[in-house]
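Structure file start18.cif (mmCIF, C-alpha atoms) is printed below.
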data_run
loop_
_atom_site.group_PDB
_atom_site.id
_atom_site.type_symbol
_atom_site.label_atom_id
_atom_site.label_comp_id
_atom_site.auth_asym_id
_atom_site.auth_seq_id
_atom_site.Cartn_x
_atom_site.Cartn_y
_atom_site.Cartn_z
ATOM 1 C CA MET A 1 -7.092 -15.991 11.577
ATOM 2 C CA THR A 2 -10.645 -14.863 10.737
ATOM 3 C CA ASN A 3 -12.638 -17.142 8.428
ATOM 4 C CA PHE A 4 -13.077 -15.257 5.149
ATOM 5 C CA SER A 5 -15.160 -17.849 3.334
ATOM 6 C CA GLY A 6 -17.419 -16.118 0.831
ATOM 7 C CA LYS A 7 -15.437 -12.874 1.028
ATOM 8 C CA LEU A 8 -13.693 -11.115 -1.855
ATOM 9 C CA ALA A 9 -10.241 -9.613 -1.291
ATOM 10 C CA VAL A 10 -8.144 -7.422 -3.585
ATOM 11 C CA VAL A 11 -4.394 -7.271 -2.887
ATOM 12 C CA THR A 12 -2.065 -4.999 -4.847
ATOM 13 C CA GLY A 13 1.591 -5.932 -5.069
ATOM 14 C CA ALA A 14 0.806 -9.624 -4.592
ATOM 15 C CA SER A 15 3.133 -10.892 -7.310
ATOM 16 C CA ASP A 16 6.184 -11.068 -5.028
ATOM 17 C CA GLY A 17 7.577 -10.344 -1.567
ATOM 18 C CA MET A 18 5.235 -10.049 1.372
ATOM 19 C CA GLY A 19 2.298 -9.521 -0.991
ATOM 20 C CA VAL A 20 2.411 -13.191 -1.977
ATOM 21 C CA HIS A 21 2.164 -14.156 1.684
ATOM 22 C CA ILE A 22 -0.722 -11.747 2.293
ATOM 23 C CA ALA A 23 -2.621 -13.262 -0.642
ATOM 24 C CA ARG A 24 -1.782 -16.804 0.456
ATOM 25 C CA ARG A 25 -2.942 -16.253 4.035
ATOM 26 C CA LEU A 26 -6.206 -14.663 2.914
ATOM 27 C CA ALA A 27 -6.827 -17.499 0.455
ATOM 28 C CA ALA A 28 -6.049 -20.067 3.163
ATOM 29 C CA ALA A 29 -8.686 -18.367 5.333
ATOM 30 C CA GLY A 30 -11.260 -18.909 2.601
ATOM 31 C CA ALA A 31 -11.232 -15.593 0.755
ATOM 32 C CA GLU A 32 -11.319 -15.324 -3.009
ATOM 33 C CA VAL A 33 -8.324 -13.137 -3.851
ATOM 34 C CA ILE A 34 -7.994 -10.856 -6.852
ATOM 35 C CA MET A 35 -4.365 -9.956 -7.571
ATOM 36 C CA PRO A 36 -4.022 -6.843 -9.771
ATOM 37 C CA VAL A 37 -0.528 -6.947 -11.312
ATOM 38 C CA ARG A 38 1.648 -5.020 -13.724
ATOM 39 C CA ASN A 39 3.526 -8.138 -14.841
ATOM 40 C CA ARG A 40 1.270 -11.070 -15.737
ATOM 41 C CA ARG A 41 4.182 -13.534 -15.842
ATOM 42 C CA LYS A 42 5.127 -12.710 -12.250
ATOM 43 C CA GLY A 43 1.490 -12.858 -11.238
ATOM 44 C CA GLU A 44 1.023 -16.319 -12.711
ATOM 45 C CA ALA A 45 4.186 -17.523 -10.958
ATOM 46 C CA ALA A 46 2.859 -16.134 -7.660
ATOM 47 C CA ILE A 47 -0.445 -17.954 -8.092
ATOM 48 C CA ALA A 48 1.405 -21.199 -8.868
ATOM 49 C CA SER A 49 3.530 -20.818 -5.719
ATOM 50 C CA ILE A 50 0.464 -20.171 -3.550
ATOM 51 C CA ARG A 51 -1.392 -23.155 -4.976
ATOM 52 C CA GLN A 52 1.540 -25.410 -4.130
ATOM 53 C CA GLN A 53 0.668 -24.759 -0.476
ATOM 54 C CA GLN A 54 -3.053 -24.099 -0.921
ATOM 55 C CA PRO A 55 -4.254 -26.274 -3.813
ATOM 56 C CA GLY A 56 -7.832 -25.069 -3.520
ATOM 57 C CA ALA A 57 -7.005 -21.357 -3.369
ATOM 58 C CA ALA A 58 -9.382 -19.113 -5.324
ATOM 59 C CA LEU A 59 -7.040 -16.658 -7.050
ATOM 60 C CA SER A 60 -7.224 -14.581 -10.203
ATOM 61 C CA LEU A 61 -5.247 -11.829 -11.903
ATOM 62 C CA ARG A 62 -6.284 -8.421 -13.175
ATOM 63 C CA ASP A 63 -4.153 -5.807 -14.896
ATOM 64 C CA LEU A 64 -2.940 -2.779 -12.943
ATOM 65 C CA ASP A 65 -0.114 -0.291 -13.305
ATOM 66 C CA LEU A 66 -0.288 2.103 -10.355
ATOM 67 C CA SER A 67 1.956 4.558 -12.184
ATOM 68 C CA SER A 68 -0.834 5.167 -14.714
ATOM 69 C CA LEU A 69 -4.115 6.756 -13.650
ATOM 70 C CA GLU A 70 -5.635 5.407 -16.864
ATOM 71 C CA SER A 71 -4.713 1.860 -15.803
ATOM 72 C CA VAL A 72 -6.098 2.475 -12.304
ATOM 73 C CA ALA A 73 -9.380 3.754 -13.762
ATOM 74 C CA ALA A 74 -9.563 0.755 -16.111
ATOM 75 C CA LEU A 75 -9.253 -1.680 -13.210
ATOM 76 C CA GLY A 76 -11.951 0.200 -11.341
ATOM 77 C CA GLU A 77 -14.216 0.026 -14.382
ATOM 78 C CA THR A 78 -13.536 -3.707 -14.778
ATOM 79 C CA LEU A 79 -14.324 -4.552 -11.164
ATOM 80 C CA ARG A 80 -17.384 -2.306 -11.044
ATOM 81 C CA ALA A 81 -18.665 -4.043 -14.193
ATOM 82 C CA GLU A 82 -18.210 -7.384 -12.439
ATOM 83 C CA GLY A 83 -20.356 -5.885 -9.679
ATOM 84 C CA ARG A 84 -19.093 -7.908 -6.739
ATOM 85 C CA PRO A 85 -18.806 -6.294 -3.301
ATOM 86 C CA ILE A 86 -15.216 -6.050 -2.048
ATOM 87 C CA HIS A 87 -14.738 -7.044 1.571
ATOM 88 C CA LEU A 88 -10.968 -6.570 1.859
ATOM 89 C CA LEU A 89 -8.622 -4.250 -0.011
ATOM 90 C CA VAL A 90 -4.921 -4.399 0.839
ATOM 91 C CA ASN A 91 -2.979 -1.544 -0.754
ATOM 92 C CA ASN A 92 0.418 -3.211 -0.581
ATOM 93 C CA ALA A 93 2.272 -2.433 -3.831
ATOM 94 C CA GLY A 94 5.109 0.068 -3.828
ATOM 95 C CA VAL A 95 8.299 1.313 -5.411
ATOM 96 C CA MET A 96 11.316 2.532 -3.446
ATOM 97 C CA THR A 97 14.166 4.976 -4.074
ATOM 98 C CA PRO A 98 14.916 4.993 -7.796
ATOM 99 C CA PRO A 99 18.473 6.346 -8.031
ATOM 100 C CA ASP A 100 17.366 9.057 -10.458
ATOM 101 C CA ARG A 101 14.097 10.954 -10.572
ATOM 102 C CA GLN A 102 11.492 9.188 -12.669
ATOM 103 C CA THR A 103 7.908 10.123 -13.447
ATOM 104 C CA THR A 104 4.661 8.271 -13.885
ATOM 105 C CA ALA A 105 2.644 8.234 -17.095
ATOM 106 C CA ASP A 106 0.852 11.307 -15.724
ATOM 107 C CA GLY A 107 4.016 13.245 -14.900
ATOM 108 C CA PHE A 108 4.146 12.695 -11.132
ATOM 109 C CA GLU A 109 7.342 11.742 -9.305
ATOM 110 C CA LEU A 110 7.295 7.943 -9.490
ATOM 111 C CA GLN A 111 7.113 7.128 -5.776
ATOM 112 C CA PHE A 112 4.513 9.779 -4.922
ATOM 113 C CA GLY A 113 2.508 8.883 -8.018
ATOM 114 C CA SER A 114 2.582 5.109 -7.543
ATOM 115 C CA ASN A 115 2.696 4.571 -3.783
ATOM 116 C CA HIS A 116 0.173 7.244 -2.874
ATOM 117 C CA LEU A 117 -1.741 8.794 -5.780
ATOM 118 C CA GLY A 118 -2.288 5.511 -7.625
ATOM 119 C CA HIS A 119 -3.747 3.854 -4.544
ATOM 120 C CA PHE A 120 -5.735 6.996 -3.641
ATOM 121 C CA ALA A 121 -7.395 6.877 -7.057
ATOM 122 C CA LEU A 122 -7.918 3.112 -6.824
ATOM 123 C CA VAL A 123 -9.869 3.426 -3.582
ATOM 124 C CA ALA A 124 -12.019 6.158 -5.124
ATOM 125 C CA HIS A 125 -12.815 4.010 -8.159
ATOM 126 C CA LEU A 126 -13.636 1.005 -5.967
ATOM 127 C CA LEU A 127 -15.612 2.956 -3.379
ATOM 128 C CA PRO A 128 -19.073 1.696 -4.468
ATOM 129 C CA LEU A 129 -17.883 -1.920 -4.199
ATOM 130 C CA LEU A 130 -16.175 -1.289 -0.861
ATOM 131 C CA ARG A 131 -19.320 0.315 0.498
ATOM 132 C CA ALA A 132 -21.401 -2.608 -0.731
ATOM 133 C CA GLY A 133 -19.054 -5.036 1.039
ATOM 134 C CA ARG A 134 -18.574 -2.889 4.151
ATOM 135 C CA GLY A 135 -14.958 -3.278 3.204
ATOM 136 C CA HIS A 136 -11.814 -3.195 5.290
ATOM 137 C CA VAL A 137 -9.092 -1.121 3.590
ATOM 138 C CA THR A 138 -5.496 -1.670 4.669
ATOM 139 C CA SER A 139 -2.782 0.674 3.419
ATOM 140 C CA GLN A 140 0.846 -0.388 3.703
ATOM 141 C CA ILE A 141 3.231 2.403 4.652
ATOM 142 C CA SER A 142 6.822 2.146 5.915
ATOM 143 C CA VAL A 143 9.166 2.930 8.782
ATOM 144 C CA ALA A 144 10.306 5.686 6.405
ATOM 145 C CA ALA A 145 7.105 7.566 7.299
ATOM 146 C CA ASN A 146 8.714 8.228 10.683
ATOM 147 C CA SER A 147 11.231 10.574 9.059
ATOM 148 C CA GLY A 148 11.202 13.322 6.465
ATOM 149 C CA ALA A 149 8.172 15.406 5.559
ATOM 150 C CA ILE A 150 5.763 16.210 2.760
ATOM 151 C CA ASN A 151 7.503 18.611 0.390
ATOM 152 C CA TRP A 152 4.416 20.780 -0.044
ATOM 153 C CA ASP A 153 6.192 23.353 -2.228
ATOM 154 C CA ASP A 154 7.523 20.721 -4.644
ATOM 155 C CA LEU A 155 5.481 17.533 -4.346
ATOM 156 C CA ASN A 156 6.989 16.106 -7.524
ATOM 157 C CA TRP A 157 10.607 16.877 -6.598
ATOM 158 C CA GLU A 158 11.244 18.881 -9.749
ATOM 159 C CA LYS A 159 13.591 21.386 -8.100
ATOM 160 C CA SER A 160 15.895 18.842 -6.466
ATOM 161 C CA TYR A 161 15.455 15.078 -6.177
ATOM 162 C CA ASN A 162 16.303 12.953 -3.159
ATOM 163 C CA GLY A 163 15.082 9.374 -3.526
ATOM 164 C CA GLY A 164 14.902 8.617 0.194
ATOM 165 C CA ARG A 165 13.092 11.822 1.079
ATOM 166 C CA ALA A 166 10.681 11.371 -1.830
ATOM 167 C CA TYR A 167 9.970 7.825 -0.621
ATOM 168 C CA SER A 168 9.261 9.101 2.912
ATOM 169 C CA GLN A 169 6.917 11.722 1.493
ATOM 170 C CA SER A 170 4.973 9.109 -0.466
ATOM 171 C CA LYS A 171 4.491 6.982 2.636
ATOM 172 C CA ILE A 172 3.584 9.905 4.899
ATOM 173 C CA ALA A 173 0.946 11.026 2.389
ATOM 174 C CA PHE A 174 -0.334 7.470 2.076
ATOM 175 C CA GLY A 175 -0.542 7.062 5.852
ATOM 176 C CA LEU A 176 -2.437 10.334 6.208
ATOM 177 C CA PHE A 177 -4.824 9.075 3.534
ATOM 178 C CA GLY A 178 -5.473 5.751 5.257
ATOM 179 C CA LEU A 179 -6.358 7.460 8.529
ATOM 180 C CA GLU A 180 -8.417 10.187 6.851
ATOM 181 C CA LEU A 181 -10.355 7.537 4.921
ATOM 182 C CA ASP A 182 -11.532 6.024 8.200
ATOM 183 C CA ARG A 183 -12.519 9.423 9.580
ATOM 184 C CA ARG A 184 -14.475 10.326 6.456
ATOM 185 C CA SER A 185 -16.136 6.930 6.337
ATOM 186 C CA ASN A 186 -17.316 7.370 9.925
ATOM 187 C CA ALA A 187 -18.524 10.934 9.292
ATOM 188 C CA GLY A 188 -20.266 10.049 6.025
ATOM 189 C CA ALA A 189 -21.597 6.624 7.072
ATOM 190 C CA TRP A 190 -19.750 4.949 4.183
ATOM 191 C CA GLY A 191 -19.479 1.686 6.111
ATOM 192 C CA ILE A 192 -15.757 1.299 5.341
ATOM 193 C CA THR A 193 -13.052 0.510 7.883
ATOM 194 C CA SER A 194 -9.550 1.801 7.137
ATOM 195 C CA ASN A 195 -6.252 1.046 8.877
ATOM 196 C CA ILE A 196 -2.591 1.570 8.098
ATOM 197 C CA CYS A 197 0.358 -0.693 8.758
ATOM 198 C CA HIS A 198 4.064 -1.101 8.118
ATOM 199 C CA PRO A 199 5.957 -4.367 7.602
ATOM 200 C CA GLY A 200 9.130 -3.503 9.470
ATOM 201 C CA VAL A 201 12.212 -4.441 7.491
ATOM 202 C CA ALA A 202 12.456 -7.654 5.488
ATOM 203 C CA PRO A 203 14.224 -8.834 2.338
ATOM 204 C CA THR A 204 11.864 -7.998 -0.523
ATOM 205 C CA SER A 205 12.400 -6.624 -4.010
ATOM 206 C CA LEU A 206 12.065 -2.972 -2.947
ATOM 207 C CA LEU A 207 15.827 -2.425 -2.681
ATOM 208 C CA ALA A 208 16.877 -5.262 -4.974
ATOM 209 C CA ALA A 209 17.962 -4.956 -8.589
ATOM 210 C CA ARG A 210 15.078 -3.462 -10.554
ATOM 211 C CA PRO A 211 16.054 -2.333 -14.038
ATOM 212 C CA GLU A 212 12.603 -0.828 -14.576
ATOM 213 C CA VAL A 213 13.378 1.837 -11.947
ATOM 214 C CA GLY A 214 16.980 2.329 -13.021
ATOM 215 C CA ARG A 215 18.644 0.020 -10.475
ATOM 216 C CA ALA A 216 20.838 -2.451 -12.301
ATOM 217 C CA LYS A 217 22.021 -4.382 -9.242
ATOM 218 C CA ASP A 218 21.101 -5.064 -5.634
ATOM 219 C CA THR A 219 21.794 -2.257 -3.193
ATOM 220 C CA PRO A 220 24.214 -2.790 -0.283
ATOM 221 C CA GLN A 221 21.230 -2.254 2.021
ATOM 222 C CA VAL A 222 19.278 -5.203 0.652
ATOM 223 C CA ARG A 223 22.316 -7.462 0.880
ATOM 224 C CA LEU A 224 22.651 -6.558 4.569
ATOM 225 C CA ILE A 225 18.906 -7.007 5.108
ATOM 226 C CA ARG A 226 19.056 -10.494 3.594
ATOM 227 C CA PHE A 227 21.956 -11.456 5.853
ATOM 228 C CA LEU A 228 20.290 -10.212 9.036
ATOM 229 C CA SER A 229 16.950 -11.762 8.118
ATOM 230 C CA ARG A 230 18.538 -15.106 7.247
ATOM 231 C CA HIS A 231 20.248 -15.191 10.658
ATOM 232 C CA ASN A 232 17.144 -14.025 12.533
ATOM 233 C CA ILE A 233 18.845 -10.831 13.726
ATOM 234 C CA LEU A 234 16.319 -8.040 14.451
ATOM 235 C CA LEU A 235 14.625 -8.152 11.060
ATOM 236 C CA GLY A 236 11.669 -10.085 9.704
ATOM 237 C CA THR A 237 11.094 -12.294 6.702
ATOM 238 C CA PRO A 238 8.661 -11.646 3.853
ATOM 239 C CA GLU A 239 6.258 -14.034 5.590
ATOM 240 C CA THR A 240 6.406 -12.339 9.018
ATOM 241 C CA ALA A 241 6.313 -8.914 7.349
ATOM 242 C CA ALA A 242 2.860 -9.820 6.010
ATOM 243 C CA GLY A 243 1.527 -10.065 9.580
ATOM 244 C CA PRO A 244 0.751 -6.394 10.274
ATOM 245 C CA ALA A 245 -1.348 -6.056 7.110
ATOM 246 C CA LEU A 246 -3.333 -9.154 8.007
ATOM 247 C CA LEU A 247 -3.929 -7.899 11.553
ATOM 248 C CA ALA A 248 -4.947 -4.490 10.197
ATOM 249 C CA ALA A 249 -7.429 -6.154 7.836
ATOM 250 C CA THR A 250 -9.252 -7.764 10.757
ATOM 251 C CA SER A 251 -9.211 -4.897 13.287
ATOM 252 C CA PRO A 252 -11.362 -1.853 14.071
ATOM 253 C CA GLY A 253 -10.557 1.252 12.026
ATOM 254 C CA GLY A 254 -8.254 4.216 12.467
ATOM 255 C CA LEU A 255 -5.368 2.163 13.849
ATOM 256 C CA PHE A 256 -1.699 1.603 12.997
ATOM 257 C CA PHE A 257 0.025 -1.774 13.073
ATOM 258 C CA GLY A 258 3.576 -3.031 12.697
ATOM 259 C CA PRO A 259 6.031 -5.584 14.091
ATOM 260 C CA ALA A 260 6.424 -5.638 17.887
ATOM 261 C CA GLY A 261 10.135 -6.570 17.994
ATOM 262 C CA PRO A 262 13.057 -4.263 18.868
ATOM 263 C CA GLY A 263 12.851 -1.054 16.905
ATOM 264 C CA HIS A 264 9.647 -2.403 15.324
ATOM 265 C CA LEU A 265 11.837 -3.926 12.611
ATOM 266 C CA GLY A 266 10.601 -7.505 12.967
ATOM 267 C CA GLY A 267 8.537 -9.788 15.149
ATOM 268 C CA ALA A 268 4.877 -10.493 15.735
ATOM 269 C CA PRO A 269 2.342 -7.901 14.578
ATOM 270 C CA ALA A 270 0.856 -5.481 17.084
ATOM 271 C CA GLU A 271 -0.765 -2.076 17.313
ATOM 272 C CA GLN A 272 1.796 0.751 17.143
ATOM 273 C CA LYS A 273 2.061 4.295 18.415
ATOM 274 C CA LEU A 274 1.202 6.626 15.564
ATOM 275 C CA TYR A 275 4.182 8.358 13.973
ATOM 276 C CA SER A 276 4.294 12.107 14.687
ATOM 277 C CA ARG A 277 4.086 12.918 10.965
ATOM 278 C CA LEU A 278 0.738 11.124 10.721
ATOM 279 C CA ARG A 279 -1.027 12.855 13.603
ATOM 280 C CA SER A 280 -2.090 16.134 11.988
ATOM 281 C CA THR A 281 -5.672 16.029 10.759
ATOM 282 C CA ASP A 282 -5.033 19.349 9.022
ATOM 283 C CA ASP A 283 -2.196 17.777 7.030
ATOM 284 C CA ALA A 284 -4.470 14.857 6.227
ATOM 285 C CA ALA A 285 -7.207 17.159 4.927
ATOM 286 C CA ARG A 286 -4.681 19.171 2.901
ATOM 287 C CA SER A 287 -3.169 16.028 1.382
ATOM 288 C CA TRP A 288 -6.631 14.669 0.581
ATOM 289 C CA ALA A 289 -7.634 17.859 -1.249
ATOM 290 C CA VAL A 290 -4.364 17.989 -3.199
ATOM 291 C CA SER A 291 -4.682 14.305 -4.109
ATOM 292 C CA GLU A 292 -8.197 14.791 -5.454
ATOM 293 C CA GLN A 293 -6.972 17.730 -7.514
ATOM 294 C CA LEU A 294 -3.941 15.886 -8.918
ATOM 295 C CA THR A 295 -5.729 12.618 -9.715
ATOM 296 C CA GLY A 296 -9.002 14.096 -10.904
ATOM 297 C CA VAL A 297 -10.989 11.662 -8.754
ATOM 298 C CA THR A 298 -13.392 12.682 -6.019
ATOM 299 C CA PHE A 299 -14.887 11.068 -2.962
ATOM 300 C CA PRO A 300 -18.317 11.948 -1.547
ATOM 301 C CA ALA A 301 -18.308 15.252 0.293
ATOM 302 C CA VAL A 302 -18.355 15.070 4.063
ATOM 303 C CA THR A 303 -19.596 18.221 5.760
ATOM 304 C CA THR A 304 -19.632 17.123 9.416
ATOM 305 C CA LEU A 305 -16.008 16.000 9.758
ATOM 306 C CA ALA A 306 -14.554 17.281 13.032
ATOM 307 C CA ARG A 307 -10.961 18.553 13.131
#
Is it possible to give me this structure as C-alpha cells?
Amino acid sequence: MTNFSGKLAVVTGASDGMGVHIARRLAAAGAEVIMPVRNRRKGEAAIASIRQQQPGAALSLRDLDLSSLESVAALGETLRAEGRPIHLLVNNAGVMTPPDRQTTADGFELQFGSNHLGHFALVAHLLPLLRAGRGHVTSQISVAANSGAINWDDLNWEKSYNGGRAYSQSKIAFGLFGLELDRRSNAGAWGITSNICHPGVAPTSLLAARPEVGRAKDTPQVRLIRFLSRHNILLGTPETAAGPALLAATSPGGLFFGPAGPGHLGGAPAEQKLYSRLRSTDDAARSWAVSEQLTGVTFPAVTTLAR
C-alpha cells in the first residue's frame, strides 16, 4: 500500500465494521487518521483495537452526527480552525433500512439525510482543506445502487416509505455526487480527486440490531451474511470489504471500485463497471443542485463543465 507518512486522513464511520479496518490500514501506512464519530465510547474502543495491532498509530476522535447539518458544520469549523490540509477523506459512514421511516434533525428521511446529504455538506465544509492537501475523496456506496431509483417527486419518502428503496436512493445520489465531484474538480481546477466504491457484502452492523434506528434485533439477512462470510462462501469479511475504499483512495479520479469475486460480493478489490443508475451526468447535475438547496451549502461555481 502507498506510504502515507506525513499525510492526514479523515474517515467517517470508523468506529466499527469495515471503517475500523480502513482507519487501521491507513494508520499502518503512516497516515495520521482523524475519526469523526457519533458515539465517543465506540470510537475510543475502535482506537484501542487498532493500537493493539499498530501501537504507534496516530489516531484521534472528533464529534460528528451526519444526521445533523449543524453537527456537520461544527466539524467543518473545527477542522478549518485547526488549519491542516486533508490528503484523504473516506466517506464511509452509513445507516441502512430502518423498519419505519425516521427523519434527521433537519427533517430529511434518515438514510437520504445521513448517507448522502450529510456527507455532501461535509465535503463542502472541508473543501478548502481538501484543496490545500490536493485531497483524494472516496465515497462508499453499495450494491443497492444497482437497483431502484431516485424518487425525485418525494425525496424524503413522505408519501409512502420503503426502507430498501430509500436506501438505494441514498446510495445512488451519493454515487452521483462522488463522480460529479471529480468532474467539477477537473473543470474548476480544485485539485481534488474523487472516486466511489462499494464493499460488496460483509457482516457489519448495518443490518444488525440497532435500537437507535428502531431495529431491536438482528435481521435474518445479517444472520445469513455472517454464516456465509464465516464459511468463506461468496461474501467478504469486514477486513476484505475495506479493500475497495483503500484502492479508491490511491487511484486516479472518476472511477468505481468493488470486490472482484462472483457477483462482486466479495474478493480482492478491483475497478468495476459503472452501474447504469450512476451514468447520467444530467442526473448528477440535478442531484447536486437539489443537494445544495436542501443543505444550504454551496460549492464554487463551475461554468465550463461539459455534459
> For Gly178 in chain A, which residue out of A:Leu278, A:Ala27, A:Ala149, A:Ala144 is the nearest one, using all atoms listed in the file?
Replying inline: A:Leu278
>> Please enumerate the residues selected by the PyMOL selection byres ((chain A and resi 136) around 7) when evaluated against the supplied file, formatted as JSON, numbers by chain.
In response: {"A": [87, 88, 89, 134, 135, 137, 138, 192, 193, 194, 249]}
>> Which residues, named as in the file, does the PyMOL selection byres ((chain A and resi 185) around 12) pick out? Answer as a ChimeraX atom specification.
In response: /A:127,130-131,134-137,177-184,186-195,253-254,299-305
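Counting all atoms listed in the file, the residue from A:Thr250, A:Thr97, A:Ser168, A:Thr78 that sits nearest to Asn3 in chain A is A:Thr250.
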> Closest to Ala9 in chain A among A:Gly56, A:Gly43, A:Gly83, A:Gly133, using only C-alpha atoms?
Replying inline: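 That would be A:Gly133, the residue with the smallest distance to Ala9 in chain A.
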> At most 7 Å from (-1.6, -8.6, -17.0), file frame, all atoms listed in the file: which residues, as number ranges by chain?
Replying inline: A: 37-40, 62-63
For the interface of range 88-195 of chain A with range 65-71 of chain A (cut-off 10 Å, counting all atoms listed in the file), please tabulate each contacting residue of range 88-195 of chain A alongside its nearest pair of atoms and their separation in Å to one decimal, rows sorted by chain and increasing number, as JSON lines.
{"residue": "A:Ala93", "atom": "CA", "partner": "A:Leu66", "partner_atom": "CA", "distance": 8.3}
{"residue": "A:Gly94", "atom": "CA", "partner": "A:Leu66", "partner_atom": "CA", "distance": 8.7}
{"residue": "A:Val95", "atom": "CA", "partner": "A:Ser67", "partner_atom": "CA", "distance": 9.8}
{"residue": "A:Thr103", "atom": "CA", "partner": "A:Ser67", "partner_atom": "CA", "distance": 8.2}
{"residue": "A:Thr104", "atom": "CA", "partner": "A:Ser67", "partner_atom": "CA", "distance": 4.9}
{"residue": "A:Ala105", "atom": "CA", "partner": "A:Ser68", "partner_atom": "CA", "distance": 5.2}
{"residue": "A:Asp106", "atom": "CA", "partner": "A:Ser68", "partner_atom": "CA", "distance": 6.4}
{"residue": "A:Gly107", "atom": "CA", "partner": "A:Ser67", "partner_atom": "CA", "distance": 9.3}
{"residue": "A:Phe108", "atom": "CA", "partner": "A:Ser67", "partner_atom": "CA", "distance": 8.5}
{"residue": "A:Glu109", "atom": "CA", "partner": "A:Ser67", "partner_atom": "CA", "distance": 9.4}
{"residue": "A:Leu110", "atom": "CA", "partner": "A:Ser67", "partner_atom": "CA", "distance": 6.9}
{"residue": "A:Gln111", "atom": "CA", "partner": "A:Ser67", "partner_atom": "CA", "distance": 8.6}
{"residue": "A:Phe112", "atom": "CA", "partner": "A:Ser67", "partner_atom": "CA", "distance": 9.3}
{"residue": "A:Gly113", "atom": "CA", "partner": "A:Ser67", "partner_atom": "CA", "distance": 6.0}
{"residue": "A:Ser114", "atom": "CA", "partner": "A:Ser67", "partner_atom": "CA", "distance": 4.7}
{"residue": "A:Asn115", "atom": "CA", "partner": "A:Leu66", "partner_atom": "CA", "distance": 7.6}
{"residue": "A:His116", "atom": "CA", "partner": "A:Leu66", "partner_atom": "CA", "distance": 9.1}
{"residue": "A:Leu117", "atom": "CA", "partner": "A:Leu66", "partner_atom": "CA", "distance": 8.2}
{"residue": "A:Gly118", "atom": "CA", "partner": "A:Leu66", "partner_atom": "CA", "distance": 4.8}
{"residue": "A:His119", "atom": "CA", "partner": "A:Leu66", "partner_atom": "CA", "distance": 7.0}
{"residue": "A:Phe120", "atom": "CA", "partner": "A:Leu66", "partner_atom": "CA", "distance": 9.9}
{"residue": "A:Ala121", "atom": "CA", "partner": "A:Leu69", "partner_atom": "CA", "distance": 7.4}
{"residue": "A:Leu122", "atom": "CA", "partner": "A:Leu66", "partner_atom": "CA", "distance": 8.5}
File dump, residues just selected, C-alpha atoms, as an mmCIF file, in the frame of the given file:
data_model
loop_
_atom_site.group_PDB
_atom_site.id
_atom_site.type_symbol
_atom_site.label_atom_id
_atom_site.label_comp_id
_atom_site.auth_asym_id
_atom_site.auth_seq_id
_atom_site.Cartn_x
_atom_site.Cartn_y
_atom_site.Cartn_z
ATOM 1 C CA ALA A 93 2.272 -2.433 -3.831
ATOM 2 C CA GLY A 94 5.109 0.068 -3.828
ATOM 3 C CA VAL A 95 8.299 1.313 -5.411
ATOM 4 C CA THR A 103 7.908 10.123 -13.447
ATOM 5 C CA THR A 104 4.661 8.271 -13.885
ATOM 6 C CA ALA A 105 2.644 8.234 -17.095
ATOM 7 C CA ASP A 106 0.852 11.307 -15.724
ATOM 8 C CA GLY A 107 4.016 13.245 -14.900
ATOM 9 C CA PHE A 108 4.146 12.695 -11.132
ATOM 10 C CA GLU A 109 7.342 11.742 -9.305
ATOM 11 C CA LEU A 110 7.295 7.943 -9.490
ATOM 12 C CA GLN A 111 7.113 7.128 -5.776
ATOM 13 C CA PHE A 112 4.513 9.779 -4.922
ATOM 14 C CA GLY A 113 2.508 8.883 -8.018
ATOM 15 C CA SER A 114 2.582 5.109 -7.543
ATOM 16 C CA ASN A 115 2.696 4.571 -3.783
ATOM 17 C CA HIS A 116 0.173 7.244 -2.874
ATOM 18 C CA LEU A 117 -1.741 8.794 -5.780
ATOM 19 C CA GLY A 118 -2.288 5.511 -7.625
ATOM 20 C CA HIS A 119 -3.747 3.854 -4.544
ATOM 21 C CA PHE A 120 -5.735 6.996 -3.641
ATOM 22 C CA ALA A 121 -7.395 6.877 -7.057
ATOM 23 C CA LEU A 122 -7.918 3.112 -6.824
#
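What separates CA of Val33 in chain A from CA of Val90 in chain A is a distance of 10.5 Å.
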>> Show me, as number ranges by chain, the residues that have an atom within 10 Å of Thr298 in chain A when counting all atoms listed in the file, minus same-chain residues fewer than 3 positions from it.
In response: A: 120-121, 124-125, 288-289, 291-293, 295, 301
Would you save the residues from that selection as a PDB file, keeping the file's coordinate frame, using C-alpha atoms?
ATOM      1  CA  PHE A 120      -5.735   6.996  -3.641  1.00  0.00           C
ATOM      2  CA  ALA A 121      -7.395   6.877  -7.057  1.00  0.00           C
ATOM      3  CA  ALA A 124     -12.019   6.158  -5.124  1.00  0.00           C
ATOM      4  CA  HIS A 125     -12.815   4.010  -8.159  1.00  0.00           C
ATOM      5  CA  TRP A 288      -6.631  14.669   0.581  1.00  0.00           C
ATOM      6  CA  ALA A 289      -7.634  17.859  -1.249  1.00  0.00           C
ATOM      7  CA  SER A 291      -4.682  14.305  -4.109  1.00  0.00           C
ATOM      8  CA  GLU A 292      -8.197  14.791  -5.454  1.00  0.00           C
ATOM      9  CA  GLN A 293      -6.972  17.730  -7.514  1.00  0.00           C
ATOM     10  CA  THR A 295      -5.729  12.618  -9.715  1.00  0.00           C
ATOM     11  CA  ALA A 301     -18.308  15.252   0.293  1.00  0.00           C
TER      12      ALA A 301
END
>> When the PyMOL selection byres ((chain A and resi 199) around 7) is applied to the structure above, which residues does it catch, written out as a VMD selection string?
In response: chain A and resid 142 197 to 198 200 to 201 241 to 242 244 258 to 259
